[in-house]
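Enquirer: Sending over coords_21.cif (mmCIF, N, CA and C atoms).
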```cif
data_work
#
loop_
_atom_site.label_atom_id
_atom_site.label_comp_id
_atom_site.auth_asym_id
_atom_site.auth_seq_id
_atom_site.Cartn_x
_atom_site.Cartn_y
_atom_site.Cartn_z
N MET R 1 -62.62 57.67 132.06
CA MET R 1 -61.66 57.35 131.02
C MET R 1 -61.93 58.23 129.80
N PRO R 2 -60.91 58.94 129.29
CA PRO R 2 -61.12 59.82 128.15
C PRO R 2 -61.35 59.02 126.87
N SER R 3 -62.22 59.56 126.00
CA SER R 3 -62.47 58.90 124.72
C SER R 3 -61.44 59.36 123.70
N LYS R 4 -61.41 58.70 122.54
CA LYS R 4 -60.42 59.03 121.52
C LYS R 4 -60.66 60.41 120.91
N ASN R 5 -61.89 60.94 121.02
CA ASN R 5 -62.21 62.25 120.46
C ASN R 5 -61.84 63.40 121.38
N ASP R 6 -61.37 63.13 122.61
CA ASP R 6 -61.04 64.19 123.55
C ASP R 6 -59.90 65.08 123.07
N LYS R 7 -59.04 64.59 122.20
CA LYS R 7 -57.91 65.38 121.75
C LYS R 7 -58.23 66.25 120.54
N PHE R 8 -59.45 66.13 119.99
CA PHE R 8 -59.86 66.91 118.84
C PHE R 8 -60.97 67.87 119.19
N LEU R 9 -61.01 68.98 118.46
CA LEU R 9 -62.15 69.87 118.52
C LEU R 9 -63.33 69.12 117.93
N THR R 10 -64.50 69.26 118.52
CA THR R 10 -65.67 68.56 117.99
C THR R 10 -66.76 69.57 117.63
N TYR R 11 -67.60 69.19 116.70
CA TYR R 11 -68.76 69.97 116.31
C TYR R 11 -69.93 69.00 116.26
N LYS R 12 -70.93 69.23 117.10
CA LYS R 12 -72.09 68.36 117.22
C LYS R 12 -71.69 66.90 117.44
N GLY R 13 -70.66 66.72 118.27
CA GLY R 13 -70.24 65.38 118.69
C GLY R 13 -69.31 64.65 117.74
N LYS R 14 -68.92 65.28 116.64
CA LYS R 14 -68.02 64.63 115.68
C LYS R 14 -66.72 65.43 115.60
N PRO R 15 -65.58 64.73 115.39
CA PRO R 15 -64.29 65.43 115.32
C PRO R 15 -64.21 66.42 114.15
N LEU R 16 -63.55 67.53 114.39
CA LEU R 16 -63.30 68.55 113.38
C LEU R 16 -61.81 68.87 113.43
N VAL R 17 -61.11 68.54 112.34
CA VAL R 17 -59.65 68.69 112.30
C VAL R 17 -59.28 69.59 111.13
N ARG R 18 -58.38 70.54 111.38
CA ARG R 18 -57.93 71.45 110.33
C ARG R 18 -56.47 71.21 110.02
N ASN R 19 -56.15 71.21 108.71
CA ASN R 19 -54.77 71.13 108.25
C ASN R 19 -54.63 72.17 107.14
N GLY R 20 -54.07 73.31 107.47
CA GLY R 20 -53.97 74.40 106.50
C GLY R 20 -55.36 74.93 106.16
N ASN R 21 -55.69 74.96 104.89
CA ASN R 21 -57.00 75.43 104.44
C ASN R 21 -57.99 74.28 104.23
N THR R 22 -57.68 73.10 104.75
CA THR R 22 -58.56 71.95 104.62
C THR R 22 -59.06 71.54 106.00
N LEU R 23 -60.37 71.30 106.10
CA LEU R 23 -60.98 70.83 107.34
C LEU R 23 -61.62 69.48 107.08
N TYR R 24 -61.45 68.56 108.02
CA TYR R 24 -62.10 67.26 107.96
C TYR R 24 -63.08 67.17 109.11
N TYR R 25 -64.29 66.75 108.78
CA TYR R 25 -65.36 66.65 109.77
C TYR R 25 -65.89 65.23 109.77
N GLY R 26 -65.83 64.59 110.92
CA GLY R 26 -66.32 63.22 111.06
C GLY R 26 -65.22 62.29 111.50
N ASP R 27 -65.62 61.10 111.90
CA ASP R 27 -64.69 60.07 112.38
C ASP R 27 -64.22 59.23 111.20
N PRO R 28 -62.91 59.20 110.91
CA PRO R 28 -62.41 58.44 109.76
C PRO R 28 -62.64 56.93 109.86
N SER R 29 -62.97 56.43 111.03
CA SER R 29 -63.25 55.00 111.17
C SER R 29 -64.68 54.66 110.76
N GLU R 30 -65.52 55.68 110.50
CA GLU R 30 -66.88 55.45 110.04
C GLU R 30 -66.91 55.42 108.51
N SER R 31 -68.07 55.18 107.94
CA SER R 31 -68.21 54.98 106.49
C SER R 31 -67.97 56.25 105.67
N TYR R 32 -68.26 57.42 106.24
CA TYR R 32 -68.16 58.67 105.50
C TYR R 32 -67.54 59.76 106.37
N VAL R 33 -66.87 60.71 105.71
CA VAL R 33 -66.37 61.94 106.34
C VAL R 33 -66.63 63.09 105.38
N ILE R 34 -66.52 64.28 105.90
CA ILE R 34 -66.65 65.50 105.09
C ILE R 34 -65.29 66.16 104.98
N MET R 35 -64.94 66.60 103.77
CA MET R 35 -63.72 67.39 103.57
C MET R 35 -64.16 68.76 103.07
N MET R 36 -63.70 69.80 103.75
CA MET R 36 -63.99 71.17 103.35
C MET R 36 -62.69 71.88 103.03
N GLN R 37 -62.64 72.54 101.89
CA GLN R 37 -61.46 73.30 101.49
C GLN R 37 -61.85 74.77 101.39
N ILE R 38 -61.09 75.60 102.08
CA ILE R 38 -61.31 77.05 102.03
C ILE R 38 -60.68 77.54 100.74
N LEU R 39 -61.51 78.03 99.81
CA LEU R 39 -61.04 78.46 98.50
C LEU R 39 -60.72 79.94 98.46
N ALA R 40 -61.42 80.75 99.26
CA ALA R 40 -61.19 82.19 99.28
C ALA R 40 -61.49 82.73 100.67
N THR R 41 -60.79 83.80 101.02
CA THR R 41 -61.01 84.46 102.31
C THR R 41 -61.20 85.95 102.07
N LYS R 42 -61.76 86.62 103.08
CA LYS R 42 -61.90 88.07 103.03
C LYS R 42 -61.55 88.62 104.41
N PRO R 43 -60.95 89.80 104.44
CA PRO R 43 -60.60 90.39 105.74
C PRO R 43 -61.83 91.00 106.41
N VAL R 44 -61.97 90.72 107.69
CA VAL R 44 -63.00 91.33 108.53
C VAL R 44 -62.26 91.82 109.78
N GLY R 45 -62.00 93.11 109.81
CA GLY R 45 -61.17 93.65 110.90
C GLY R 45 -59.76 93.13 110.76
N ASP R 46 -59.26 92.50 111.81
CA ASP R 46 -57.90 91.96 111.81
C ASP R 46 -57.86 90.47 111.47
N VAL R 47 -59.01 89.89 111.11
CA VAL R 47 -59.11 88.44 110.92
C VAL R 47 -59.50 88.12 109.47
N GLU R 48 -58.95 87.04 108.93
CA GLU R 48 -59.34 86.53 107.62
C GLU R 48 -60.48 85.53 107.82
N ILE R 49 -61.59 85.75 107.13
CA ILE R 49 -62.77 84.91 107.24
C ILE R 49 -62.97 84.17 105.92
N ALA R 50 -63.33 82.87 106.00
CA ALA R 50 -63.58 82.08 104.79
C ALA R 50 -64.81 82.64 104.07
N SER R 51 -64.65 82.95 102.78
CA SER R 51 -65.77 83.48 102.01
C SER R 51 -66.27 82.48 100.97
N LYS R 52 -65.46 81.51 100.59
CA LYS R 52 -65.87 80.48 99.65
C LYS R 52 -65.28 79.15 100.11
N VAL R 53 -66.15 78.15 100.30
CA VAL R 53 -65.72 76.85 100.84
C VAL R 53 -66.28 75.74 99.96
N SER R 54 -65.41 74.81 99.57
CA SER R 54 -65.81 73.61 98.84
C SER R 54 -66.10 72.52 99.87
N VAL R 55 -67.24 71.83 99.73
CA VAL R 55 -67.66 70.78 100.66
C VAL R 55 -67.79 69.48 99.89
N GLN R 56 -67.18 68.40 100.39
CA GLN R 56 -67.28 67.09 99.74
C GLN R 56 -67.59 66.03 100.78
N LEU R 57 -68.57 65.18 100.46
CA LEU R 57 -68.86 64.00 101.26
C LEU R 57 -68.04 62.87 100.67
N LEU R 58 -67.16 62.27 101.49
CA LEU R 58 -66.24 61.24 101.01
C LEU R 58 -66.54 59.89 101.64
N ASN R 59 -66.48 58.85 100.83
CA ASN R 59 -66.57 57.47 101.29
C ASN R 59 -65.19 57.08 101.80
N THR R 60 -65.09 56.48 102.97
CA THR R 60 -63.79 56.13 103.56
C THR R 60 -63.35 54.72 103.24
N ASP R 61 -64.12 53.98 102.44
CA ASP R 61 -63.77 52.60 102.08
C ASP R 61 -62.50 52.59 101.23
N PRO R 62 -61.41 51.94 101.70
CA PRO R 62 -60.15 51.94 100.95
C PRO R 62 -60.22 51.14 99.65
N ASP R 63 -61.23 50.29 99.49
CA ASP R 63 -61.36 49.48 98.28
C ASP R 63 -62.05 50.23 97.14
N VAL R 64 -62.61 51.39 97.42
CA VAL R 64 -63.29 52.20 96.41
C VAL R 64 -62.26 53.06 95.68
N SER R 65 -62.42 53.20 94.36
CA SER R 65 -61.47 54.01 93.59
C SER R 65 -61.57 55.47 94.01
N PRO R 66 -60.50 56.24 93.85
CA PRO R 66 -60.51 57.65 94.28
C PRO R 66 -61.64 58.47 93.66
N ARG R 67 -61.99 58.20 92.42
CA ARG R 67 -63.09 58.94 91.77
C ARG R 67 -64.42 58.62 92.41
N GLU R 68 -64.61 57.39 92.83
CA GLU R 68 -65.89 56.97 93.41
C GLU R 68 -66.00 57.35 94.89
N ARG R 69 -64.91 57.79 95.50
CA ARG R 69 -64.96 58.19 96.91
C ARG R 69 -65.76 59.46 97.13
N ILE R 70 -65.77 60.34 96.14
CA ILE R 70 -66.53 61.59 96.27
C ILE R 70 -68.00 61.27 95.98
N VAL R 71 -68.82 61.37 97.03
CA VAL R 71 -70.23 61.04 96.92
C VAL R 71 -71.05 62.28 96.54
N LYS R 72 -70.78 63.39 97.20
CA LYS R 72 -71.47 64.67 96.94
C LYS R 72 -70.46 65.80 97.01
N THR R 73 -70.73 66.85 96.28
CA THR R 73 -69.87 68.03 96.34
C THR R 73 -70.70 69.30 96.17
N SER R 74 -70.26 70.36 96.82
CA SER R 74 -70.95 71.64 96.73
C SER R 74 -69.97 72.76 97.08
N GLU R 75 -70.33 73.96 96.70
CA GLU R 75 -69.53 75.13 97.06
C GLU R 75 -70.44 76.10 97.80
N LYS R 76 -70.01 76.55 98.97
CA LYS R 76 -70.83 77.42 99.81
C LYS R 76 -70.12 78.74 100.08
N LYS R 77 -70.92 79.77 100.35
CA LYS R 77 -70.39 81.08 100.73
C LYS R 77 -70.27 81.11 102.24
N GLY R 78 -69.08 81.01 102.73
CA GLY R 78 -68.84 81.09 104.17
C GLY R 78 -68.76 79.75 104.85
N LEU R 79 -68.05 79.72 105.96
CA LEU R 79 -67.84 78.49 106.72
C LEU R 79 -69.11 78.03 107.42
N TYR R 80 -69.95 78.97 107.86
CA TYR R 80 -71.18 78.58 108.55
C TYR R 80 -72.09 77.76 107.62
N ALA R 81 -72.29 78.23 106.40
CA ALA R 81 -73.12 77.50 105.44
C ALA R 81 -72.50 76.15 105.09
N ALA R 82 -71.17 76.10 105.01
CA ALA R 82 -70.47 74.85 104.71
C ALA R 82 -70.64 73.85 105.85
N MET R 83 -70.51 74.30 107.08
CA MET R 83 -70.68 73.41 108.23
C MET R 83 -72.12 72.93 108.34
N ASP R 84 -73.06 73.78 107.99
CA ASP R 84 -74.47 73.43 108.04
C ASP R 84 -74.77 72.28 107.08
N ILE R 85 -74.35 72.40 105.83
CA ILE R 85 -74.61 71.33 104.86
C ILE R 85 -73.78 70.09 105.18
N ALA R 86 -72.58 70.28 105.71
CA ALA R 86 -71.73 69.14 106.08
C ALA R 86 -72.40 68.28 107.14
N GLU R 87 -72.99 68.90 108.15
CA GLU R 87 -73.67 68.16 109.21
C GLU R 87 -74.86 67.38 108.65
N ILE R 88 -75.62 68.00 107.77
CA ILE R 88 -76.80 67.33 107.18
C ILE R 88 -76.35 66.14 106.34
N TRP R 89 -75.41 66.35 105.44
CA TRP R 89 -74.95 65.27 104.56
C TRP R 89 -74.36 64.11 105.36
N LEU R 90 -73.52 64.42 106.35
CA LEU R 90 -72.86 63.37 107.12
C LEU R 90 -73.87 62.59 107.96
N SER R 91 -74.79 63.27 108.58
CA SER R 91 -75.81 62.60 109.38
C SER R 91 -76.66 61.66 108.53
N ARG R 92 -77.07 62.11 107.37
CA ARG R 92 -77.88 61.28 106.48
C ARG R 92 -77.09 60.09 105.94
N ALA R 93 -75.84 60.31 105.57
CA ALA R 93 -75.02 59.23 105.02
C ALA R 93 -74.75 58.15 106.07
N LEU R 94 -74.48 58.57 107.30
CA LEU R 94 -74.19 57.61 108.35
C LEU R 94 -75.46 56.88 108.85
N ALA R 95 -76.63 57.49 108.63
CA ALA R 95 -77.89 56.85 109.04
C ALA R 95 -78.27 55.69 108.12
N ASN R 96 -77.79 55.73 106.87
CA ASN R 96 -78.12 54.67 105.91
C ASN R 96 -77.28 53.44 106.10
#
```
In structure tokens, how does this file's structure come out?
Expert:
Amino acid sequence: MPSKNDKFLTYKGKPLVRNGNTLYYGDPSESYVIMMQILATKPVGDVEIASKVSVQLLNTDPDVSPRERIVKTSEKKGLYAAMDIAEIWLSRALAN
């Protein structure tokens, strides 16, 4: 029987969904998710590569005010560095 995550791309077992220049990492039914926004890109050959990415750890509790939903925020150079910190933050937040 297929799981609900079968229709999404996953990274280290968690869903990774892209909408334009925004990526969401994590299961929205859990306590926290990561939102990454691609702020700048640079051309590498024929492809545009993310060169500056904003990373935010978000609380998914609907009763929390929008300002309090942002738990942590950072800006990273490149998508690899952003995904690296996103995995660490999300794993730690969900472990608590």
Enquirer: May I have the residues within 8 Å of Leu16 (chain R) as a list of chain:residue names, using all atoms listed in the file and disregarding those fewer than 6 positions away in the same chain?
Expert: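 The filter keeps R:Phe8, R:Leu9, R:Thr10, R:Leu23, R:Tyr24, R:Tyr25, R:Gly26, R:Asp27.
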Enquirer: Within 6 Å of Val53 (chain R), counting only N, CA and C atoms, which residues qualify if same-chain residues fewer than 5 places away don't, as a compact mmCIF listing (two decimals) with N, CA and C atoms, in the frame of the given file?
Expert:
```txt
# COMPACT_ATOMS: atom_id res chain seq x y z
N GLN R 37 -62.64 72.54 101.89
CA GLN R 37 -61.46 73.30 101.49
C GLN R 37 -61.85 74.77 101.39
N ILE R 38 -61.09 75.60 102.08
CA ILE R 38 -61.31 77.05 102.03
C ILE R 38 -60.68 77.54 100.74
N LEU R 39 -61.51 78.03 99.81
CA LEU R 39 -61.04 78.46 98.50
C LEU R 39 -60.72 79.94 98.46
N ALA R 40 -61.42 80.75 99.26
CA ALA R 40 -61.19 82.19 99.28
C ALA R 40 -61.49 82.73 100.67
N SER R 74 -70.26 70.36 96.82
CA SER R 74 -70.95 71.64 96.73
C SER R 74 -69.97 72.76 97.08
N GLU R 75 -70.33 73.96 96.70
CA GLU R 75 -69.53 75.13 97.06
C GLU R 75 -70.44 76.10 97.80
N LYS R 76 -70.01 76.55 98.97
CA LYS R 76 -70.83 77.42 99.81
C LYS R 76 -70.12 78.74 100.08
N LYS R 77 -70.92 79.77 100.35
CA LYS R 77 -70.39 81.08 100.73
C LYS R 77 -70.27 81.11 102.24
N GLY R 78 -69.08 81.01 102.73
CA GLY R 78 -68.84 81.09 104.17
C GLY R 78 -68.76 79.75 104.85
```
Enquirer: List as a list in words the protein and nucleic acid residues near Val71 (chain R), meaning an atom at most 8 Å away when all atoms listed in the file are counted, but skip any in the same chain fewer than 4 places from it.
Expert: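 These residues fall inside the cut-off: Gln56, Leu57, Leu58, Asn59 and Arg67 of chain R.
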Enquirer: Using CA of Lys14 (chain R) and atom N of Glu30 (chain R) as the two end points, give the distance in Å to one decimal.
Expert: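 Straight-line distance from CA of Lys14 (chain R) to atom N of Glu30 (chain R) works out to 10.6 Å.
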Enquirer: Neighbours of Ile49 (chain R) within 8 Å (only N, CA and C atoms; same-chain residues fewer than 5 positions away dropped), as a short mmCIF file (atom, residue, chain, number, x, y, z; two decimals) with N, CA and C atoms, in the coordinates of the input?
Expert:
```cif
data_model
loop_
_atom_site.label_atom_id
_atom_site.label_comp_id
_atom_site.auth_asym_id
_atom_site.auth_seq_id
_atom_site.Cartn_x
_atom_site.Cartn_y
_atom_site.Cartn_z
N ALA R 40 -61.42 80.75 99.26
CA ALA R 40 -61.19 82.19 99.28
C ALA R 40 -61.49 82.73 100.67
N THR R 41 -60.79 83.80 101.02
CA THR R 41 -61.01 84.46 102.31
C THR R 41 -61.20 85.95 102.07
N LYS R 42 -61.76 86.62 103.08
CA LYS R 42 -61.90 88.07 103.03
C LYS R 42 -61.55 88.62 104.41
N PRO R 43 -60.95 89.80 104.44
CA PRO R 43 -60.60 90.39 105.74
C PRO R 43 -61.83 91.00 106.41
N VAL R 44 -61.97 90.72 107.69
CA VAL R 44 -63.00 91.33 108.53
C VAL R 44 -62.26 91.82 109.78
N GLY R 78 -69.08 81.01 102.73
CA GLY R 78 -68.84 81.09 104.17
C GLY R 78 -68.76 79.75 104.85
N LEU R 79 -68.05 79.72 105.96
CA LEU R 79 -67.84 78.49 106.72
C LEU R 79 -69.11 78.03 107.42
#
```
Enquirer: Could you check the closest approach to Val33 (chain R) for each of R:Asn21, R:Gly45, R:Lys7, R:Leu90 and tell me which residue wins, using all atoms listed in the file?
Expert: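 Closest candidate: R:Leu90.
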Enquirer: Please return as a PDB file with N, CA and C atoms, in the frame of the given file: the residues of chain R that backbone DSSP assigns to helix (DSSP H, G or I).
Expert:
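File written: result_24.pdb
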```pdb
ATOM      1  N   LYS R   4     -61.410  58.700 122.540  1.00  0.00           N
ATOM      2  CA  LYS R   4     -60.420  59.030 121.520  1.00  0.00           C
ATOM      3  C   LYS R   4     -60.660  60.410 120.910  1.00  0.00           C
ATOM      4  N   ASN R   5     -61.890  60.940 121.020  1.00  0.00           N
ATOM      5  CA  ASN R   5     -62.210  62.250 120.460  1.00  0.00           C
ATOM      6  C   ASN R   5     -61.840  63.400 121.380  1.00  0.00           C
ATOM      7  N   ASP R   6     -61.370  63.130 122.610  1.00  0.00           N
ATOM      8  CA  ASP R   6     -61.040  64.190 123.550  1.00  0.00           C
ATOM      9  C   ASP R   6     -59.900  65.080 123.070  1.00  0.00           C
ATOM     10  N   LYS R   7     -59.040  64.590 122.200  1.00  0.00           N
ATOM     11  CA  LYS R   7     -57.910  65.380 121.750  1.00  0.00           C
ATOM     12  C   LYS R   7     -58.230  66.250 120.540  1.00  0.00           C
ATOM     13  N   PRO R  66     -60.500  56.240  93.850  1.00  0.00           N
ATOM     14  CA  PRO R  66     -60.510  57.650  94.280  1.00  0.00           C
ATOM     15  C   PRO R  66     -61.640  58.470  93.660  1.00  0.00           C
ATOM     16  N   ARG R  67     -61.990  58.200  92.420  1.00  0.00           N
ATOM     17  CA  ARG R  67     -63.090  58.940  91.770  1.00  0.00           C
ATOM     18  C   ARG R  67     -64.420  58.620  92.410  1.00  0.00           C
ATOM     19  N   GLU R  68     -64.610  57.390  92.830  1.00  0.00           N
ATOM     20  CA  GLU R  68     -65.890  56.970  93.410  1.00  0.00           C
ATOM     21  C   GLU R  68     -66.000  57.350  94.890  1.00  0.00           C
ATOM     22  N   ARG R  69     -64.910  57.790  95.500  1.00  0.00           N
ATOM     23  CA  ARG R  69     -64.960  58.190  96.910  1.00  0.00           C
ATOM     24  C   ARG R  69     -65.760  59.460  97.130  1.00  0.00           C
ATOM     25  N   LEU R  79     -68.050  79.720 105.960  1.00  0.00           N
ATOM     26  CA  LEU R  79     -67.840  78.490 106.720  1.00  0.00           C
ATOM     27  C   LEU R  79     -69.110  78.030 107.420  1.00  0.00           C
ATOM     28  N   TYR R  80     -69.950  78.970 107.860  1.00  0.00           N
ATOM     29  CA  TYR R  80     -71.180  78.580 108.550  1.00  0.00           C
ATOM     30  C   TYR R  80     -72.090  77.760 107.620  1.00  0.00           C
ATOM     31  N   ALA R  81     -72.290  78.230 106.400  1.00  0.00           N
ATOM     32  CA  ALA R  81     -73.120  77.500 105.440  1.00  0.00           C
ATOM     33  C   ALA R  81     -72.500  76.150 105.090  1.00  0.00           C
ATOM     34  N   ALA R  82     -71.170  76.100 105.010  1.00  0.00           N
ATOM     35  CA  ALA R  82     -70.470  74.850 104.710  1.00  0.00           C
ATOM     36  C   ALA R  82     -70.640  73.850 105.850  1.00  0.00           C
ATOM     37  N   MET R  83     -70.510  74.300 107.080  1.00  0.00           N
ATOM     38  CA  MET R  83     -70.680  73.410 108.230  1.00  0.00           C
ATOM     39  C   MET R  83     -72.120  72.930 108.340  1.00  0.00           C
ATOM     40  N   ASP R  84     -73.060  73.780 107.990  1.00  0.00           N
ATOM     41  CA  ASP R  84     -74.470  73.430 108.040  1.00  0.00           C
ATOM     42  C   ASP R  84     -74.770  72.280 107.080  1.00  0.00           C
ATOM     43  N   ILE R  85     -74.350  72.400 105.830  1.00  0.00           N
ATOM     44  CA  ILE R  85     -74.610  71.330 104.860  1.00  0.00           C
ATOM     45  C   ILE R  85     -73.780  70.090 105.180  1.00  0.00           C
ATOM     46  N   ALA R  86     -72.580  70.280 105.710  1.00  0.00           N
ATOM     47  CA  ALA R  86     -71.730  69.140 106.080  1.00  0.00           C
ATOM     48  C   ALA R  86     -72.400  68.280 107.140  1.00  0.00           C
ATOM     49  N   GLU R  87     -72.990  68.900 108.150  1.00  0.00           N
ATOM     50  CA  GLU R  87     -73.670  68.160 109.210  1.00  0.00           C
ATOM     51  C   GLU R  87     -74.860  67.380 108.650  1.00  0.00           C
ATOM     52  N   ILE R  88     -75.620  68.000 107.770  1.00  0.00           N
ATOM     53  CA  ILE R  88     -76.800  67.330 107.180  1.00  0.00           C
ATOM     54  C   ILE R  88     -76.350  66.140 106.340  1.00  0.00           C
ATOM     55  N   TRP R  89     -75.410  66.350 105.440  1.00  0.00           N
ATOM     56  CA  TRP R  89     -74.950  65.270 104.560  1.00  0.00           C
ATOM     57  C   TRP R  89     -74.360  64.110 105.360  1.00  0.00           C
ATOM     58  N   LEU R  90     -73.520  64.420 106.350  1.00  0.00           N
ATOM     59  CA  LEU R  90     -72.860  63.370 107.120  1.00  0.00           C
ATOM     60  C   LEU R  90     -73.870  62.590 107.960  1.00  0.00           C
ATOM     61  N   SER R  91     -74.790  63.270 108.580  1.00  0.00           N
ATOM     62  CA  SER R  91     -75.810  62.600 109.380  1.00  0.00           C
ATOM     63  C   SER R  91     -76.660  61.660 108.530  1.00  0.00           C
ATOM     64  N   ARG R  92     -77.070  62.110 107.370  1.00  0.00           N
ATOM     65  CA  ARG R  92     -77.880  61.280 106.480  1.00  0.00           C
ATOM     66  C   ARG R  92     -77.090  60.090 105.940  1.00  0.00           C
ATOM     67  N   ALA R  93     -75.840  60.310 105.570  1.00  0.00           N
ATOM     68  CA  ALA R  93     -75.020  59.230 105.020  1.00  0.00           C
ATOM     69  C   ALA R  93     -74.750  58.150 106.070  1.00  0.00           C
ATOM     70  N   LEU R  94     -74.480  58.570 107.300  1.00  0.00           N
ATOM     71  CA  LEU R  94     -74.190  57.610 108.350  1.00  0.00           C
ATOM     72  C   LEU R  94     -75.460  56.880 108.850  1.00  0.00           C
ATOM     73  N   ALA R  95     -76.630  57.490 108.630  1.00  0.00           N
ATOM     74  CA  ALA R  95     -77.890  56.850 109.040  1.00  0.00           C
ATOM     75  C   ALA R  95     -78.270  55.690 108.120  1.00  0.00           C
TER      76      ALA R  95
END
```
Enquirer: Identify, with DSSP run on backbone atoms, the residues in chain R assigned to strand (DSSP E), and express the list as number ranges by chain.
Expert: R: 9-11, 14-19, 22-25, 32-44, 47-59, 70-76
Enquirer: State, in Å with one decimal place, the distance from CA of Val47 (chain R) to atom N of Trp89 (chain R).
Expert: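 Between these atoms lies a distance of 28.0 Å.
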Enquirer: Could you please determine the separation between atom N of Lys52 (chain R) and atom C of Ala95 (chain R) in Å, to one decimal place?
Expert: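 Separating atom N of Lys52 (chain R) from atom C of Ala95 (chain R) is a distance of 29.8 Å.
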Enquirer: Of the candidates R:Val64, R:Met83, R:Val55, R:Val17, which one gets nearest to Met35 (chain R) if we count all atoms listed in the file?
Expert: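 Distance minimum relative to Met35 (chain R) lands on R:Val55.
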